[in-house]
Every structure is written in C-alpha cells, then in structure tokens.
$ cat target_7.txt   # compact mmCIF, C-alpha atoms
# COMPACT_ATOMS: atom_id res chain seq x y z
CA MET C 189 -6.38 11.36 22.64
CA ILE C 190 -2.91 11.38 24.22
CA ARG C 191 -1.70 8.76 21.74
CA LEU C 192 -2.89 10.90 18.84
CA ILE C 193 -1.06 13.96 20.18
CA ILE C 194 2.14 11.95 20.62
CA VAL C 195 1.91 10.60 17.06
CA VAL C 196 1.24 14.08 15.65
CA ILE C 197 4.30 15.46 17.48
CA PHE C 198 6.40 12.59 16.09
CA LEU C 199 5.17 13.31 12.56
CA ILE C 200 6.04 17.00 12.87
CA ILE C 201 9.56 16.09 14.02
CA PHE C 202 9.90 13.50 11.24
CA PHE C 203 8.92 15.95 8.51
CA ILE C 204 11.32 18.60 9.87
CA ILE C 205 14.13 16.02 9.79
CA SER C 206 12.98 14.99 6.31
CA ILE C 207 14.01 18.29 4.73
CA PRO C 208 17.79 17.56 4.77
CA LEU C 209 17.08 13.86 4.18
CA PHE C 210 15.41 14.69 0.86
CA LEU C 211 18.69 16.14 -0.42
CA ILE C 212 20.63 13.08 0.73
CA GLU C 213 18.12 10.72 -0.90
CA TRP C 214 18.16 12.78 -4.10
CA ILE C 215 21.96 12.49 -4.29
CA ILE C 216 21.81 8.74 -3.62
CA GLY C 217 19.20 8.41 -6.36
CA LYS C 218 21.42 10.17 -8.87
CA ILE C 219 24.20 7.69 -8.15
CA ASN C 220 22.13 4.51 -7.74
CA LYS C 221 18.32 4.42 -8.03
CA HIS C 222 18.03 1.01 -6.34
CA ALA C 223 20.13 2.20 -3.40
CA ARG C 224 17.74 5.12 -2.92
CA ASP C 225 14.78 2.74 -3.09
CA VAL C 226 16.31 0.66 -0.31
CA SER C 227 17.28 3.61 1.90
CA SER C 228 13.96 5.43 1.43
CA LYS C 229 12.04 2.27 2.28
CA ALA C 230 14.15 1.84 5.42
CA ILE C 231 13.49 5.44 6.52
CA VAL C 232 9.76 5.42 5.84
CA GLY C 233 9.37 1.89 7.19
CA GLY C 234 11.22 2.95 10.35
CA ALA C 235 8.88 5.91 10.81
CA PHE C 236 5.86 3.66 10.35
CA ARG C 237 7.20 1.19 12.93
CA ILE C 238 7.59 4.00 15.44
CA ILE C 239 4.01 5.15 14.84
CA LEU C 240 2.73 1.59 15.26
CA PHE C 241 4.78 1.26 18.47
CA LEU C 242 3.51 4.58 19.85
CA THR C 243 -0.04 3.52 19.03
CA GLY C 244 0.38 0.09 20.62
CA VAL C 245 -0.45 -1.95 17.53
CA LYS C 246 0.41 -5.66 17.58
CA ILE C 247 0.64 -7.28 14.15
CA THR C 248 0.05 -10.95 13.34
CA VAL C 249 1.38 -11.92 9.91
CA LYS C 250 0.07 -14.97 8.08
CA GLY C 251 1.09 -16.47 4.75
CA LYS C 252 4.31 -14.49 4.37
CA GLU C 253 5.73 -17.50 2.54
CA ASN C 254 3.21 -16.77 -0.25
CA ILE C 255 5.05 -13.58 -1.23
CA PRO C 256 6.89 -14.53 -4.44
CA GLU C 257 10.49 -13.67 -5.25
CA GLU C 258 9.27 -12.05 -8.47
CA SER C 259 7.71 -8.61 -8.50
CA CYS C 260 3.93 -8.69 -8.36
CA LEU C 261 0.71 -6.79 -7.78
CA PHE C 262 -0.46 -6.83 -4.16
CA VAL C 263 -4.23 -6.38 -3.90
CA GLY C 264 -5.82 -5.64 -0.53
CA ASN C 265 -9.04 -4.69 1.22
CA HIS C 266 -9.13 -1.17 2.61
CA ASN C 267 -10.65 -0.21 5.97
CA SER C 268 -8.17 2.23 7.46
CA PHE C 269 -5.25 4.60 7.01
CA PHE C 270 -3.33 2.03 9.07
CA ASP C 271 -3.68 -0.53 6.24
CA ILE C 272 -0.79 1.30 4.62
CA LEU C 273 1.45 1.25 7.70
CA VAL C 274 0.74 -2.41 8.46
CA SER C 275 1.32 -3.62 4.90
CA TYR C 276 4.42 -1.47 4.42
CA VAL C 277 6.27 -2.85 7.44
CA THR C 278 5.37 -6.47 6.70
CA ILE C 279 6.23 -6.70 2.99
CA PRO C 280 9.99 -7.17 2.56
CA LYS C 281 10.04 -6.25 -1.14
CA ILE C 282 10.64 -2.86 -2.76
CA PHE C 283 7.16 -1.66 -3.70
CA GLY C 284 4.93 1.38 -4.01
CA TYR C 285 1.24 2.16 -3.61
CA ILE C 286 -1.34 3.45 -6.03
CA ALA C 287 -2.63 6.59 -4.30
CA LYS C 288 -5.33 9.16 -4.99
CA ILE C 289 -4.17 12.13 -7.06
CA GLU C 290 -5.25 14.49 -4.27
CA ILE C 291 -2.45 13.26 -1.99
CA LYS C 292 0.09 14.53 -4.51
CA LYS C 293 -0.69 18.05 -3.29
CA VAL C 294 0.41 17.37 0.32
CA PRO C 295 3.84 18.99 0.86
CA LEU C 296 6.74 16.78 2.06
CA LEU C 297 4.53 13.69 2.13
CA ASN C 298 4.37 13.73 -1.68
CA ILE C 299 8.18 13.69 -1.90
CA TRP C 300 8.51 10.65 0.33
CA MET C 301 5.79 8.92 -1.67
CA LYS C 302 7.71 9.58 -4.86
CA TYR C 303 10.91 8.23 -3.30
CA VAL C 304 9.17 4.99 -2.26
CA ASN C 305 7.73 4.45 -5.77
CA CYS C 306 4.13 5.49 -5.19
CA LEU C 307 2.03 6.49 -8.19
CA PHE C 308 -0.89 8.88 -8.18
CA LEU C 309 -4.12 7.87 -9.92
CA ASP C 310 -6.59 10.43 -11.25
CA ARG C 311 -9.86 8.48 -11.38
CA SER C 312 -11.68 11.45 -12.92
CA ASN C 313 -9.45 11.41 -16.02
CA VAL C 314 -9.64 8.14 -17.94
CA ARG C 315 -6.64 8.89 -20.17
CA GLU C 316 -4.38 9.90 -17.29
CA GLY C 317 -5.64 6.97 -15.25
CA LEU C 318 -4.66 4.57 -18.02
CA LYS C 319 -1.19 6.14 -18.19
CA THR C 320 -0.74 5.53 -14.47
CA ILE C 321 -1.83 1.90 -14.80
CA LEU C 322 0.62 1.34 -17.67
CA LYS C 323 3.39 3.03 -15.69
CA ALA C 324 2.62 0.77 -12.73
CA ALA C 325 2.87 -2.24 -15.05
CA ASP C 326 6.31 -1.01 -16.15
CA TYR C 327 7.34 -0.71 -12.49
CA ILE C 328 6.36 -4.34 -11.90
CA LYS C 329 8.27 -5.45 -15.01
CA ASN C 330 11.32 -3.66 -13.58
CA ASP C 331 11.23 -5.45 -10.22
CA ILE C 332 9.24 -2.86 -8.26
CA SER C 333 6.03 -4.38 -6.95
CA ILE C 334 2.84 -2.36 -6.64
CA PHE C 335 0.14 -2.41 -3.93
CA VAL C 336 -3.38 -1.33 -4.85
CA PHE C 337 -6.67 -1.03 -2.97
CA PRO C 338 -9.17 -1.62 -5.82
CA GLU C 339 -12.16 -0.49 -3.75
CA GLY C 340 -10.97 3.03 -4.48
CA THR C 341 -11.76 4.29 -0.98
CA ARG C 342 -11.94 3.02 2.58
CA SER C 343 -14.90 0.88 3.53
CA LYS C 344 -17.00 2.50 6.24
CA ASP C 345 -18.56 -0.71 7.60
CA GLY C 346 -15.84 -3.30 7.05
CA LYS C 347 -17.61 -4.84 4.07
CA MET C 348 -15.64 -4.67 0.85
CA ILE C 349 -16.81 -2.36 -1.91
CA PRO C 350 -16.80 -4.04 -5.37
CA PHE C 351 -13.30 -3.94 -6.84
CA LYS C 352 -12.63 -1.76 -9.86
CA GLU C 353 -11.63 -4.14 -12.65
CA GLY C 354 -9.27 -1.61 -14.26
CA SER C 355 -6.84 -1.98 -11.36
CA MET C 356 -6.12 -5.55 -12.43
CA LYS C 357 -4.64 -4.39 -15.74
CA MET C 358 -1.39 -3.74 -13.87
CA ALA C 359 -0.96 -7.47 -13.33
CA GLU C 360 -2.19 -8.52 -16.77
CA LYS C 361 0.29 -6.22 -18.50
CA SER C 362 3.29 -7.18 -16.34
CA THR C 363 4.32 -10.41 -14.59
CA GLY C 364 0.77 -11.73 -14.29
CA ILE C 365 1.18 -12.42 -10.56
CA ILE C 366 -1.37 -11.15 -8.03
CA VAL C 367 -1.02 -11.60 -4.28
CA PRO C 368 -4.34 -11.14 -2.43
CA VAL C 369 -3.96 -9.44 0.95
CA ALA C 370 -6.55 -9.51 3.75
CA MET C 371 -6.31 -7.14 6.73
CA THR C 372 -8.47 -7.09 9.83
CA GLY C 373 -8.52 -4.89 12.92
CA THR C 374 -7.03 -1.78 11.35
CA ALA C 375 -10.20 0.33 11.58
CA ASP C 376 -10.34 -0.33 15.33
CA ILE C 377 -7.14 1.69 15.75
CA LEU C 378 -8.52 5.02 14.52
CA GLU C 379 -11.51 5.20 12.18
CA ASN C 380 -14.05 3.47 14.43
CA HIS C 381 -13.54 6.08 17.18
CA PHE C 382 -11.84 9.07 15.52
CA PRO C 383 -10.09 11.21 16.79
CA LYS C 384 -8.96 8.73 19.44
CA LEU C 385 -6.10 6.33 18.71
CA LYS C 386 -6.44 2.97 20.42
CA SER C 387 -4.02 0.10 20.74
CA GLY C 388 -5.11 -3.18 19.26
CA LYS C 389 -4.32 -6.37 17.40
CA VAL C 390 -4.16 -6.42 13.63
CA THR C 391 -3.89 -9.40 11.30
CA ILE C 392 -2.51 -9.28 7.78
CA GLU C 393 -2.66 -12.40 5.63
CA PHE C 394 -1.02 -12.96 2.27
CA GLY C 395 -2.91 -15.44 0.10
CA LYS C 396 -1.47 -17.81 -2.44
CA PRO C 397 -0.38 -15.98 -5.60
CA ILE C 398 -2.91 -15.82 -8.40
CA LEU C 399 -1.26 -16.62 -11.73
CA VAL C 400 -3.32 -14.86 -14.37
CA SER C 401 -2.08 -17.16 -17.14
CA GLU C 402 -3.62 -20.17 -15.37
CA LEU C 403 -7.10 -18.70 -15.03
CA SER C 404 -10.06 -19.44 -17.27
CA LYS C 405 -11.28 -16.90 -19.82
CA GLU C 406 -14.23 -15.99 -17.58
CA GLU C 407 -12.02 -15.56 -14.51
CA LYS C 408 -9.67 -13.30 -16.47
CA LYS C 409 -12.62 -11.24 -17.68
CA PHE C 410 -13.67 -10.51 -14.08
CA LEU C 411 -10.23 -10.64 -12.47
CA GLY C 412 -11.15 -7.99 -9.89
CA ALA C 413 -14.16 -9.96 -8.67
CA TYR C 414 -12.11 -13.18 -8.67
CA THR C 415 -9.38 -11.60 -6.53
CA GLN C 416 -11.95 -10.01 -4.21
CA ASN C 417 -13.51 -13.42 -3.60
CA LYS C 418 -10.10 -14.81 -2.61
CA ILE C 419 -9.64 -11.97 -0.12
CA GLN C 420 -13.16 -12.49 1.24
CA GLU C 421 -12.41 -16.17 1.81
CA MET C 422 -9.43 -15.15 3.97
CA LEU C 423 -11.47 -12.55 5.87
CA ASP C 424 -14.20 -15.11 6.58
CA LYS C 425 -11.66 -17.28 8.42
CA HIS C 426 -10.80 -14.51 10.92
$ encode --input "target_7.txt" --output "structure tokens"
Amino acid sequence: MIRLIIVVIFLIIFFIISIPLFLIEWIIGKINKHARDVSSKAIVGGAFRIILFLTGVKITVKGKENIPEESCLFVGNHNSFFDILVSYVTIPKIFGYIAKIEIKKVPLLNIWMKYVNCLFLDRSNVREGLKTILKAADYIKNDISIFVFPEGTRSKDGKMIPFKEGSMKMAEKSTGIIVPVAMTGTADILENHFPKLKSGKVTIEFGKPILVSELSKEEKKFLGAYTQNKIQEMLDKH
C-alpha cells in the first residue's frame, strides 16, 4: 500500500509540473512537430521510468532486434495498466497507442496522450471507429508507429481474448508491417492484488515482424487471429 501512495504522490506532482510544460510543448510543436514528439516522449517516458522504479519493476526485454527501422503496427496482449508503461519505455521509436474514447475525458492525461500521438477509439460508433483506424494508418505512413491491444480490454485471467480483426486494418492500409508483442508478469504488479502495488519481474518480447504482403489469402482474411497465434507462441515459451 505504501508503494501505491508514493506513486500517487509522484503522479500528483507530475501533473502539477505538467501545466507549464504543456505550454512549452505546444510552442515546440508549432515550430517543429517532430521535435515535440521527441521531447514529449522523453518526458512521459521519464515519468514512466520513475513509476517503474518506485514500484520495483525489473524488465527483461527479448527480441528488440526485431523492431524494424520502418514505422509499423505493434500488437500486444493486454493484462495490466503496466503493459503501457513497460512497452513505452522499451520501444525506442516514436509511437502512440490506440486508447478507449473514455480516457479522452481525463483532464491533463488527455493532453499528454495527444502530445505522444495517441488516438482515441470509439468502439460504439462504427463510423468514428473507422475514421480513427484510417487516421492511425496515416500516422504509420508518416513514420509514427502505433501500438494496439486488439483484445479491446484487459484480460482478467491472463488468457487472451479473441483479437478484433478491425484493428489489423491499420497495418493493411499502411506499411503492412506488424510486430507481435508478448508481455508477462505485468498483472502481478497491481491487478492481481489491487490496491496493493508489488515489485516484480516483467518480460516483454518482440516477435519477428509479420509482413502482410507475404501472407496467404486465408491468413490475411484472419490477420488478427494469425497475429494472436504468434503472440501465444511467445507466451507459451515463458
């Protein structure tokens, strides 16, 4: 419980400091969008590293050499809020997440998410959801990778929920490169014993890139299931 209190205090301080930082980042963005992307990622990544340090999380990274130079769609399993922190500090590229539309209503957090290229998906509105997917594809075409959790929500028992096939359109309509990401141990930090925060070891593994153009017609038709199987193969090794 003490760890949780310490992290909450840090977050309060961070968001207070964020208020003047937003103006600085806005000015940087007006001059050079890429420069703001880099500085915002450094600030948010730094905050995440502090939280992971305060929590006592040790990260093992596997397959980092599989991250391509080109922009791509990262696809991961989702067990915990800490999946975001762990993936964000281990991926060296400029990228954003696909997040639930509800998070857009959270003050201050929503501004940082915008500055680090996150997009908000409204799953209840098919037309708006399609717009978000197409916008994400444009991001990838313009050298900003995207990370998506196609399960749509966190798994409660560690077993993956069937992937939503629509999420894969972001790769099909952009560079056609998917990097499967498997994470283990993240739920043991918080969700498995909420509200306690516990230190622990986490593993994140980046699989070999999936090149959509090289897949069979059947594999392309069920690209979500194909990618999920690749992630499951990595999870089964842990």
$ closest_residue --input "target_7.txt" --among "C:Ile377, C:Ile392, C:Ile365, C:Leu297" --to "Ile204 in chain C" --atoms "only C-alpha atoms"
C:Leu297
$ closest_residue --input "target_7.txt" --among "C:Arg191, C:Leu242, C:Gly284, C:Phe269" --to "Ser228 in chain C" --atoms "only C-alpha atoms"
C:Gly284
$ residues_around --input "target_7.txt" --residues "Thr363 in chain C" --least-positions-apart "6" --cutoff "7 Å" --atoms "only C-alpha atoms" --output "PDB file with C-alpha atoms, in the coordinates of the input"
ATOM      1  CA  CYS C 260       3.930  -8.690  -8.360  1.00  0.00           C
ATOM      2  CA  ILE C 328       6.360  -4.340 -11.900  1.00  0.00           C
ATOM      3  CA  LYS C 329       8.270  -5.450 -15.010  1.00  0.00           C
TER       4      LYS C 329
END
$ closest_residue --input "target_7.txt" --among "C:Asn305, C:Pro397, C:Thr243, C:Trp214" --to "Leu378 in chain C" --atoms "all atoms listed in the file"
C:Thr243
$ closest_residue --input "target_7.txt" --among "C:Val390, C:Ile190, C:Met348, C:Met356" --to "Lys246 in chain C" --atoms "all atoms listed in the file"
C:Val390
$ atom_distance --input "target_7.txt" --atom1 "CA of Pro350 in chain C" --atom2 "CA of Lys389 in chain C"
26.1 Å
$ closest_residue --input "target_7.txt" --among "C:Phe308, C:Ile332, C:Gly354, C:Arg315" --to "Asp225 in chain C" --atoms "all atoms listed in the file"
C:Ile332
$ closest_residue --input "target_7.txt" --among "C:His222, C:His381, C:Lys288, C:Lys323" --to "Asp310 in chain C" --atoms "all atoms listed in the file"
C:Lys288
$ residues_around --input "target_7.txt" --residues "Ser268 in chain C" --least-positions-apart "3" --cutoff "8 Å" --atoms "all atoms listed in the file" --output "PDB file with C-alpha atoms, keeping the file's coordinate frame"
ATOM      1  CA  ASP C 271      -3.680  -0.530   6.240  1.00  0.00           C
ATOM      2  CA  ILE C 272      -0.790   1.300   4.620  1.00  0.00           C
ATOM      3  CA  ARG C 342     -11.940   3.020   2.580  1.00  0.00           C
ATOM      4  CA  SER C 343     -14.900   0.880   3.530  1.00  0.00           C
ATOM      5  CA  THR C 374      -7.030  -1.780  11.350  1.00  0.00           C
ATOM      6  CA  ALA C 375     -10.200   0.330  11.580  1.00  0.00           C
ATOM      7  CA  LEU C 378      -8.520   5.020  14.520  1.00  0.00           C
ATOM      8  CA  GLU C 379     -11.510   5.200  12.180  1.00  0.00           C
TER       9      GLU C 379
END
$ atom_distance --input "target_7.txt" --atom1 "CA of Gly388 in chain C" --atom2 "CA of Val245 in chain C"
5.1 Å
$ atom_distance --input "target_7.txt" --atom1 "CA of Lys221 in chain C" --atom2 "CA of Leu209 in chain C"
15.5 Å
$ residues_around --input "target_7.txt" --residues "Gly364 in chain C" --least-positions-apart "4" --cutoff "10 Å" --atoms "all atoms listed in the file" --output "JSON, numbers by chain"
{"C": [259, 260, 261, 325, 328, 329, 356, 357, 358, 359, 360, 397, 398, 399, 400, 401, 402]}
$ residues_around --input "target_7.txt" --residues "Ala235 in chain C" --least-positions-apart "6" --cutoff "9 Å" --atoms "all atoms listed in the file" --output "ChimeraX atom specification"
/C:198-199,202
$ build_atoms --input "target_7.txt" --residues "range 360-394 of chain C" --atoms "N, CA and C atoms" --output "compact mmCIF listing (two decimals), keeping the file's coordinate frame"
# COMPACT_ATOMS: atom_id res chain seq x y z
N GLU C 360 -2.06 -7.92 -15.44
CA GLU C 360 -2.19 -8.52 -16.77
C GLU C 360 -1.10 -8.05 -17.72
N LYS C 361 -0.68 -6.79 -17.58
CA LYS C 361 0.29 -6.22 -18.50
C LYS C 361 1.73 -6.30 -17.97
N SER C 362 1.93 -7.06 -16.89
CA SER C 362 3.29 -7.18 -16.34
C SER C 362 3.62 -8.66 -16.12
N THR C 363 3.90 -9.03 -14.86
CA THR C 363 4.32 -10.41 -14.59
C THR C 363 3.15 -11.38 -14.50
N GLY C 364 1.94 -10.85 -14.39
CA GLY C 364 0.77 -11.73 -14.29
C GLY C 364 0.64 -12.42 -12.94
N ILE C 365 1.25 -11.84 -11.91
CA ILE C 365 1.18 -12.42 -10.56
C ILE C 365 0.45 -11.45 -9.63
N ILE C 366 -0.61 -11.94 -8.99
CA ILE C 366 -1.37 -11.15 -8.03
C ILE C 366 -1.31 -11.83 -6.68
N VAL C 367 -1.00 -11.06 -5.64
CA VAL C 367 -1.02 -11.60 -4.28
C VAL C 367 -2.17 -10.95 -3.52
N PRO C 368 -3.23 -11.71 -3.20
CA PRO C 368 -4.34 -11.14 -2.43
C PRO C 368 -3.93 -10.93 -0.98
N VAL C 369 -4.34 -9.79 -0.42
CA VAL C 369 -3.96 -9.44 0.95
C VAL C 369 -5.21 -9.09 1.76
N ALA C 370 -5.38 -9.75 2.89
CA ALA C 370 -6.55 -9.51 3.75
C ALA C 370 -6.09 -8.93 5.08
N MET C 371 -6.65 -7.78 5.46
CA MET C 371 -6.31 -7.14 6.73
C MET C 371 -7.54 -6.96 7.60
N THR C 372 -7.38 -7.27 8.87
CA THR C 372 -8.47 -7.09 9.83
C THR C 372 -7.96 -6.35 11.07
N GLY C 373 -8.84 -5.58 11.68
CA GLY C 373 -8.52 -4.89 12.92
C GLY C 373 -7.97 -3.49 12.77
N THR C 374 -7.66 -3.08 11.54
CA THR C 374 -7.03 -1.78 11.35
C THR C 374 -7.98 -0.61 11.66
N ALA C 375 -9.25 -0.76 11.33
CA ALA C 375 -10.20 0.33 11.58
C ALA C 375 -10.43 0.56 13.06
N ASP C 376 -10.16 -0.47 13.88
CA ASP C 376 -10.34 -0.33 15.33
C ASP C 376 -9.28 0.55 15.96
N ILE C 377 -8.20 0.84 15.22
CA ILE C 377 -7.14 1.69 15.75
C ILE C 377 -7.55 3.16 15.74
N LEU C 378 -8.20 3.59 14.65
CA LEU C 378 -8.52 5.02 14.52
C LEU C 378 -9.94 5.29 14.03
N GLU C 379 -10.28 4.77 12.86
CA GLU C 379 -11.51 5.20 12.18
C GLU C 379 -12.80 4.93 12.97
N ASN C 380 -12.82 3.83 13.70
CA ASN C 380 -14.05 3.47 14.43
C ASN C 380 -14.33 4.36 15.63
N HIS C 381 -13.33 5.19 16.04
CA HIS C 381 -13.54 6.08 17.18
C HIS C 381 -12.71 7.35 17.04
N PHE C 382 -12.58 7.83 15.80
CA PHE C 382 -11.84 9.07 15.52
C PHE C 382 -12.39 10.21 16.40
N PRO C 383 -11.53 11.07 17.01
CA PRO C 383 -10.09 11.21 16.79
C PRO C 383 -9.21 10.43 17.77
N LYS C 384 -9.77 9.49 18.49
CA LYS C 384 -8.96 8.73 19.44
C LYS C 384 -8.16 7.64 18.72
N LEU C 385 -6.92 7.45 19.17
CA LEU C 385 -6.10 6.33 18.71
C LEU C 385 -6.12 5.28 19.80
N LYS C 386 -6.40 4.04 19.44
CA LYS C 386 -6.44 2.97 20.42
C LYS C 386 -5.50 1.84 20.02
N SER C 387 -4.86 1.25 21.01
CA SER C 387 -4.02 0.10 20.74
C SER C 387 -4.90 -1.07 20.33
N GLY C 388 -4.32 -2.03 19.67
CA GLY C 388 -5.11 -3.18 19.26
C GLY C 388 -4.30 -4.20 18.48
N LYS C 389 -4.96 -5.30 18.16
CA LYS C 389 -4.32 -6.37 17.40
C LYS C 389 -4.81 -6.35 15.95
N VAL C 390 -3.86 -6.46 15.07
CA VAL C 390 -4.16 -6.42 13.63
C VAL C 390 -3.62 -7.70 13.00
N THR C 391 -4.37 -8.23 12.04
CA THR C 391 -3.89 -9.40 11.30
C THR C 391 -3.79 -9.04 9.82
N ILE C 392 -2.67 -9.41 9.22
CA ILE C 392 -2.51 -9.28 7.78
C ILE C 392 -2.16 -10.65 7.23
N GLU C 393 -2.89 -11.07 6.22
CA GLU C 393 -2.66 -12.40 5.63
C GLU C 393 -2.41 -12.27 4.13
N PHE C 394 -1.35 -12.92 3.69
CA PHE C 394 -1.02 -12.96 2.27
C PHE C 394 -1.50 -14.30 1.69
